[in-house]
Amino acid sequence: MSVVLRGGSETDVALAASSLRRGEVVAFPTETVYGLGADATNTDAVAMVFKAKGRPADNPLIVHMASREALEEAGFAAMSAPALLLAEKFWPGPLSLVLPLSTEHPTSKISSLVTAGLDTVAVRVPKHPVACSLLAATGLPIAAPSANSSGKPSPTLASHVITDLGGKIHSVLDGGQVILGIESTVLDTTTNPPTILRPGSITQREIEACIGHSVLVANSNGKTDDLVVPKSPGMKYRHYAPASPVKIVYGGHQEFLKEISAAFVNGVSQAAVGVFAWSETCARVQSSEYGSRVTTTSAGEYGQVDVLAQRLYSALRWLDEVKKVRLILAQGVKDEDGAGLGLAVMNRLRKAALDNDR
């Protein structure tokens with residue numbers, strides 16, 4: 001049985017750090033989502049992460065460090081001039097940088113399971129008090145994908161971790177609800193120009209302003225490429241998906257009502273449709289003829305893309321696992337909405353929906 005530890009307790013953080021140093025797997029909160037941590041230099045420990053999640057071996061992990069100085073001291077990755085600028089601006093924070101493994105130090109310091117056998121490694125310094133305390137206490141590079149079963153919505157609460165991985169991992173540090181709700185931006189600094197491999201809270205606009213020139217954006221439409229070993233998590237496989245099918249709906253209450261009507265006509269049983277939409281849309285749906293037969297949960301006030309992002313995974317999990325709906329209708333936004341945060345939100349929703357996108 002997995003132990004739930006208190007993220008606000010120095011004693012419990014020390015226990016979690018000790019467990020990581022012994023080669024155990026520990027879940028912990030970051031500002032993005034909960035991560036499933038293991039010593040990145042311990043291949044056996046990293047293998048336990050893949051086993052607990054049911055994660056494909058060619059899906060690399062992000063290494064979490066206590067600080068940029070800790071990364072420099074560890075010496076396993078080299079930082080270019082743009083990478084140094086970005087680290088100075090956005091670390092600690094939700095930006096993961098794909099860096100070349102250092103040729104001046106033994107690459108065996110980081111397990112090849114972490115890098116999926118590539119000559120690059122993704123690294124970030126998180127900005128969450130519990131994560132920062134834990135990383136400082138371990139003194140180790142910690143490989144940490146999201147702490148969920150592979151393919152499911154990422155966990156934003158400790159209870160989500162227990163639902164997916166309880167009994168499969170040593171312990172969970174409970175730090176409450178995470179702040180941002182979607183995974184970090186991943187930027188490949190080994191390409192020229194750099195390439196956003198996974199959009200996140202640090203937007204293309206912010207990255208370009210920092211380094212002074214444009215960057216590329218990898219395909220973000222949710223489709224997968226089975227022919228390559230990805231440099232970043234979130235690229236190759238279906239992710240973020242509840243068991244219930246997800247359909248993206250662009251617009252307001254009228255568009256949602258049309259989809260609800262069509263769902264009932266097409267055989268979805270009554271009280272088996274869930275709606276994740278702007279507050280006004282939820283209210284209009286609840287006051288409609290379908291109100292007693294639909295479960296709604298708010299994505300925030302109209303245009304609050306940051307609130308939608310924070311609530312997304314919890315909403316998908318609640319509608320799927322608690323309310324047991326058979327169809328989830330989710331609010332679509334434009335990629336440019338929320339000063340570019342819409343791109344990250346739609347990346348997650350498109351992967352969750354796949355062929356149900358409209």
# chains A, B, ... in the order shown; residues from 1 in each chain; ligands from 1
>>> select_by_dssp(residues="stretch 121-342 of chain A", states="strand (DSSP E or B)", output="PyMOL selection string")
chain A and resi 121-124+142-143+146+171-174+185-188+195-198+216-217+246-250+273-277+294-298+327-332
>>> closest_atom_pairs(of="stretch 146-173 of chain A", to="stretch 307-327 of chain A", cutoff="12 Å", atoms="only C-alpha atoms", output="CSV")
residue,atom,partner,partner_atom,distance
A:Ser146,CA,A:Tyr313,CA,11.9
A:Asn148,CA,A:Tyr313,CA,11.3
A:Lys152,CA,A:Arg317,CA,8.8
A:Pro153,CA,A:Tyr313,CA,5.5
A:Ser154,CA,A:Tyr313,CA,6.2
A:Pro155,CA,A:Tyr313,CA,7.0
A:Thr156,CA,A:Ser314,CA,6.6
A:Leu157,CA,A:Ser314,CA,8.0
A:Ala158,CA,A:Ser314,CA,11.3
A:Ser159,CA,A:Ser314,CA,10.5
A:His160,CA,A:Arg317,CA,8.2
A:Val161,CA,A:Arg317,CA,11.5
A:Thr163,CA,A:Glu321,CA,9.5
A:Asp164,CA,A:Arg317,CA,10.9
>>> closest_residue(among="A:Leu99, A:Glu208, A:Ile179, A:Lys231", to="A:Leu61", atoms="only C-alpha atoms")
A:Lys231
>>> residues_around(residues="A:Asp39", least_positions_apart="4", cutoff="8 Å", atoms="only C-alpha atoms", output="number ranges by chain")
A: 20-21, 23, 45-46, 140-143
>>> write_last_selection(atoms="N, CA, C and O atoms", output="PDB file, in the first residue's frame")
ATOM      1  N   LEU A  20      13.716   8.149  -2.022  1.00  0.00           N
ATOM      2  CA  LEU A  20      14.268   8.320  -3.366  1.00  0.00           C
ATOM      3  C   LEU A  20      15.735   7.909  -3.414  1.00  0.00           C
ATOM      4  O   LEU A  20      16.176   7.251  -4.374  1.00  0.00           O
ATOM      5  N   ARG A  21      16.487   8.272  -2.394  1.00  0.00           N
ATOM      6  CA  ARG A  21      17.905   7.898  -2.364  1.00  0.00           C
ATOM      7  C   ARG A  21      18.089   6.390  -2.245  1.00  0.00           C
ATOM      8  O   ARG A  21      19.096   5.843  -2.706  1.00  0.00           O
ATOM      9  N   GLY A  23      16.262   4.280  -3.796  1.00  0.00           N
ATOM     10  CA  GLY A  23      15.832   3.667  -5.045  1.00  0.00           C
ATOM     11  C   GLY A  23      14.342   3.422  -5.125  1.00  0.00           C
ATOM     12  O   GLY A  23      13.881   2.700  -6.023  1.00  0.00           O
ATOM     13  N   ALA A  45      15.567   1.916 -10.424  1.00  0.00           N
ATOM     14  CA  ALA A  45      14.517   2.806  -9.924  1.00  0.00           C
ATOM     15  C   ALA A  45      13.713   3.390 -11.080  1.00  0.00           C
ATOM     16  O   ALA A  45      12.476   3.461 -11.022  1.00  0.00           O
ATOM     17  N   VAL A  46      14.403   3.797 -12.137  1.00  0.00           N
ATOM     18  CA  VAL A  46      13.710   4.355 -13.296  1.00  0.00           C
ATOM     19  C   VAL A  46      12.809   3.301 -13.940  1.00  0.00           C
ATOM     20  O   VAL A  46      11.688   3.594 -14.365  1.00  0.00           O
ATOM     21  N   LEU A 140      19.849  14.815  -5.760  1.00  0.00           N
ATOM     22  CA  LEU A 140      19.948  13.959  -6.939  1.00  0.00           C
ATOM     23  C   LEU A 140      19.157  14.534  -8.111  1.00  0.00           C
ATOM     24  O   LEU A 140      18.182  15.270  -7.902  1.00  0.00           O
ATOM     25  N   PRO A 141      19.540  14.180  -9.341  1.00  0.00           N
ATOM     26  CA  PRO A 141      18.648  14.441 -10.470  1.00  0.00           C
ATOM     27  C   PRO A 141      17.482  13.455 -10.392  1.00  0.00           C
ATOM     28  O   PRO A 141      17.689  12.246 -10.265  1.00  0.00           O
ATOM     29  N   ILE A 142      16.263  13.958 -10.446  1.00  0.00           N
ATOM     30  CA  ILE A 142      15.085  13.107 -10.292  1.00  0.00           C
ATOM     31  C   ILE A 142      14.308  13.062 -11.604  1.00  0.00           C
ATOM     32  O   ILE A 142      13.815  14.091 -12.082  1.00  0.00           O
ATOM     33  N   ALA A 143      14.213  11.887 -12.187  1.00  0.00           N
ATOM     34  CA  ALA A 143      13.395  11.691 -13.385  1.00  0.00           C
ATOM     35  C   ALA A 143      11.945  11.583 -12.947  1.00  0.00           C
ATOM     36  O   ALA A 143      11.631  10.811 -12.043  1.00  0.00           O
TER      37      ALA A 143
END
>>> closest_residue(among="A:Asp12, A:Glu255, A:Glu88, A:Glu301", to="A:Val172", atoms="only C-alpha atoms")
A:Asp12
>>> residues_around(residues="A:Thr297", least_positions_apart="4", cutoff="8 Å", atoms="only C-alpha atoms", output="CSV table (one decimal) with N, CA and C atoms, in the first residue's frame")
chain,number,residue,atom,x,y,z
A,274,GLY,N,-21.5,14.4,-20.0
A,274,GLY,CA,-20.8,15.4,-19.2
A,274,GLY,C,-20.4,16.6,-20.0
A,275,VAL,N,-20.5,17.8,-19.4
A,275,VAL,CA,-20.1,19.0,-20.1
A,275,VAL,C,-19.1,19.8,-19.3
A,276,PHE,N,-17.9,20.1,-19.9
A,276,PHE,CA,-16.9,20.9,-19.3
A,276,PHE,C,-16.8,22.2,-20.2
A,277,ALA,N,-17.3,23.3,-19.7
A,277,ALA,CA,-17.5,24.5,-20.5
A,277,ALA,C,-17.5,25.7,-19.7
A,279,SER,N,-18.6,29.0,-17.6
A,279,SER,CA,-19.7,29.0,-16.6
A,279,SER,C,-21.0,29.4,-17.2
A,282,CYS,N,-22.5,26.4,-19.0
A,282,CYS,CA,-23.0,25.4,-18.1
A,282,CYS,C,-24.3,25.8,-17.5
A,315,ALA,N,-11.4,18.0,-14.2
A,315,ALA,CA,-12.8,17.9,-14.7
A,315,ALA,C,-13.0,16.6,-15.5
>>> decode(residues="stretch 90-121 of chain A", atoms="N, CA, C and O atoms", output="mmCIF file, in the first residue's frame")
data_model
loop_
_atom_site.group_PDB
_atom_site.id
_atom_site.type_symbol
_atom_site.label_atom_id
_atom_site.label_comp_id
_atom_site.auth_asym_id
_atom_site.auth_seq_id
_atom_site.Cartn_x
_atom_site.Cartn_y
_atom_site.Cartn_z
ATOM 1 N N PHE A 90 13.259 31.725 -16.969
ATOM 2 C CA PHE A 90 12.080 30.918 -16.644
ATOM 3 C C PHE A 90 12.296 29.840 -15.580
ATOM 4 O O PHE A 90 11.343 29.166 -15.203
ATOM 5 N N TRP A 91 13.522 29.649 -15.105
ATOM 6 C CA TRP A 91 13.752 28.695 -14.024
ATOM 7 C C TRP A 91 13.904 29.430 -12.704
ATOM 8 O O TRP A 91 14.567 30.458 -12.659
ATOM 9 N N PRO A 92 13.307 28.952 -11.632
ATOM 10 C CA PRO A 92 12.416 27.784 -11.613
ATOM 11 C C PRO A 92 11.085 28.108 -12.271
ATOM 12 O O PRO A 92 10.596 29.229 -12.176
ATOM 13 N N GLY A 93 10.502 27.102 -12.942
ATOM 14 C CA GLY A 93 9.236 27.321 -13.609
ATOM 15 C C GLY A 93 8.920 26.217 -14.600
ATOM 16 O O GLY A 93 9.692 25.263 -14.768
ATOM 17 N N PRO A 94 7.776 26.344 -15.299
ATOM 18 C CA PRO A 94 7.252 25.257 -16.134
ATOM 19 C C PRO A 94 7.831 25.215 -17.543
ATOM 20 O O PRO A 94 7.100 25.158 -18.530
ATOM 21 N N LEU A 95 9.155 25.256 -17.636
ATOM 22 C CA LEU A 95 9.842 25.125 -18.925
ATOM 23 C C LEU A 95 10.883 24.025 -18.835
ATOM 24 O O LEU A 95 11.797 24.088 -18.001
ATOM 25 N N SER A 96 10.726 23.010 -19.697
ATOM 26 C CA SER A 96 11.713 21.932 -19.788
ATOM 27 C C SER A 96 12.559 22.159 -21.036
ATOM 28 O O SER A 96 12.016 22.394 -22.119
ATOM 29 N N LEU A 97 13.869 22.090 -20.873
ATOM 30 C CA LEU A 97 14.792 22.312 -21.977
ATOM 31 C C LEU A 97 15.428 20.994 -22.388
ATOM 32 O O LEU A 97 15.995 20.284 -21.549
ATOM 33 N N VAL A 98 15.315 20.655 -23.680
ATOM 34 C CA VAL A 98 16.020 19.490 -24.208
ATOM 35 C C VAL A 98 17.441 19.925 -24.512
ATOM 36 O O VAL A 98 17.677 20.827 -25.316
ATOM 37 N N LEU A 99 18.383 19.271 -23.833
ATOM 38 C CA LEU A 99 19.800 19.627 -23.911
ATOM 39 C C LEU A 99 20.614 18.439 -24.394
ATOM 40 O O LEU A 99 20.220 17.283 -24.190
ATOM 41 N N PRO A 100 21.761 18.685 -25.011
ATOM 42 C CA PRO A 100 22.636 17.568 -25.369
ATOM 43 C C PRO A 100 23.313 16.995 -24.135
ATOM 44 O O PRO A 100 23.699 17.745 -23.230
ATOM 45 N N LEU A 101 23.409 15.676 -24.085
ATOM 46 C CA LEU A 101 24.201 15.070 -23.017
ATOM 47 C C LEU A 101 25.640 15.539 -23.160
ATOM 48 O O LEU A 101 26.170 15.641 -24.269
ATOM 49 N N SER A 102 26.267 15.832 -22.051
ATOM 50 C CA SER A 102 27.611 16.391 -22.080
ATOM 51 C C SER A 102 28.627 15.379 -22.596
ATOM 52 O O SER A 102 28.592 14.197 -22.224
ATOM 53 N N THR A 103 29.527 15.857 -23.448
ATOM 54 C CA THR A 103 30.622 14.999 -23.934
ATOM 55 C C THR A 103 31.826 15.069 -23.011
ATOM 56 O O THR A 103 32.772 14.315 -23.160
ATOM 57 N N GLU A 104 31.769 15.977 -22.031
ATOM 58 C CA GLU A 104 32.888 16.145 -21.109
ATOM 59 C C GLU A 104 32.743 15.314 -19.845
ATOM 60 O O GLU A 104 33.650 15.245 -19.031
ATOM 61 N N HIS A 105 31.553 14.701 -19.675
ATOM 62 C CA HIS A 105 31.316 13.876 -18.492
ATOM 63 C C HIS A 105 30.716 12.546 -18.955
ATOM 64 O O HIS A 105 30.095 12.459 -20.011
ATOM 65 N N PRO A 106 30.885 11.499 -18.178
ATOM 66 C CA PRO A 106 30.311 10.196 -18.556
ATOM 67 C C PRO A 106 28.796 10.279 -18.692
ATOM 68 O O PRO A 106 28.100 10.657 -17.751
ATOM 69 N N THR A 107 28.261 9.944 -19.857
ATOM 70 C CA THR A 107 26.814 9.997 -20.058
ATOM 71 C C THR A 107 26.091 8.939 -19.229
ATOM 72 O O THR A 107 24.876 9.000 -19.064
ATOM 73 N N SER A 108 26.851 7.976 -18.695
ATOM 74 C CA SER A 108 26.232 6.923 -17.892
ATOM 75 C C SER A 108 25.695 7.459 -16.566
ATOM 76 O O SER A 108 25.002 6.757 -15.839
ATOM 77 N N LYS A 109 26.000 8.741 -16.247
ATOM 78 C CA LYS A 109 25.486 9.315 -15.002
ATOM 79 C C LYS A 109 23.963 9.379 -15.026
ATOM 80 O O LYS A 109 23.317 9.309 -13.996
ATOM 81 N N ILE A 110 23.379 9.545 -16.196
ATOM 82 C CA ILE A 110 21.931 9.509 -16.347
ATOM 83 C C ILE A 110 21.568 8.204 -17.039
ATOM 84 O O ILE A 110 22.125 7.865 -18.081
ATOM 85 N N SER A 111 20.630 7.464 -16.466
ATOM 86 C CA SER A 111 20.244 6.179 -17.042
ATOM 87 C C SER A 111 19.743 6.350 -18.467
ATOM 88 O O SER A 111 19.016 7.296 -18.787
ATOM 89 N N SER A 112 20.105 5.411 -19.329
ATOM 90 C CA SER A 112 19.639 5.464 -20.712
ATOM 91 C C SER A 112 18.133 5.246 -20.804
ATOM 92 O O SER A 112 17.512 5.596 -21.814
ATOM 93 N N LEU A 113 17.517 4.681 -19.755
ATOM 94 C CA LEU A 113 16.062 4.571 -19.743
ATOM 95 C C LEU A 113 15.415 5.951 -19.693
ATOM 96 O O LEU A 113 14.340 6.166 -20.260
ATOM 97 N N VAL A 114 16.058 6.887 -19.012
ATOM 98 C CA VAL A 114 15.541 8.246 -18.910
ATOM 99 C C VAL A 114 15.524 8.914 -20.272
ATOM 100 O O VAL A 114 14.570 9.603 -20.643
ATOM 101 N N THR A 115 16.571 8.721 -21.051
ATOM 102 C CA THR A 115 16.730 9.399 -22.334
ATOM 103 C C THR A 115 16.192 8.592 -23.513
ATOM 104 O O THR A 115 16.261 9.056 -24.642
ATOM 105 N N ALA A 116 15.667 7.385 -23.255
ATOM 106 C CA ALA A 116 15.226 6.473 -24.326
ATOM 107 C C ALA A 116 16.361 6.201 -25.307
ATOM 108 O O ALA A 116 16.131 6.006 -26.504
ATOM 109 N N GLY A 117 17.607 6.207 -24.804
ATOM 110 C CA GLY A 117 18.761 5.899 -25.632
ATOM 111 C C GLY A 117 19.217 7.033 -26.518
ATOM 112 O O GLY A 117 20.159 6.859 -27.313
ATOM 113 N N LEU A 118 18.613 8.214 -26.394
ATOM 114 C CA LEU A 118 19.000 9.363 -27.206
ATOM 115 C C LEU A 118 20.227 10.043 -26.611
ATOM 116 O O LEU A 118 20.623 9.769 -25.476
ATOM 117 N N ASP A 119 20.819 10.959 -27.379
ATOM 118 C CA ASP A 119 21.965 11.716 -26.874
ATOM 119 C C ASP A 119 21.542 13.072 -26.340
ATOM 120 O O ASP A 119 22.342 14.002 -26.236
ATOM 121 N N THR A 120 20.262 13.181 -26.008
ATOM 122 C CA THR A 120 19.725 14.403 -25.411
ATOM 123 C C THR A 120 18.952 14.053 -24.149
ATOM 124 O O THR A 120 18.548 12.900 -23.957
ATOM 125 N N VAL A 121 18.730 15.071 -23.327
ATOM 126 C CA VAL A 121 17.964 14.878 -22.093
ATOM 127 C C VAL A 121 17.156 16.141 -21.822
ATOM 128 O O VAL A 121 17.641 17.261 -22.015
#
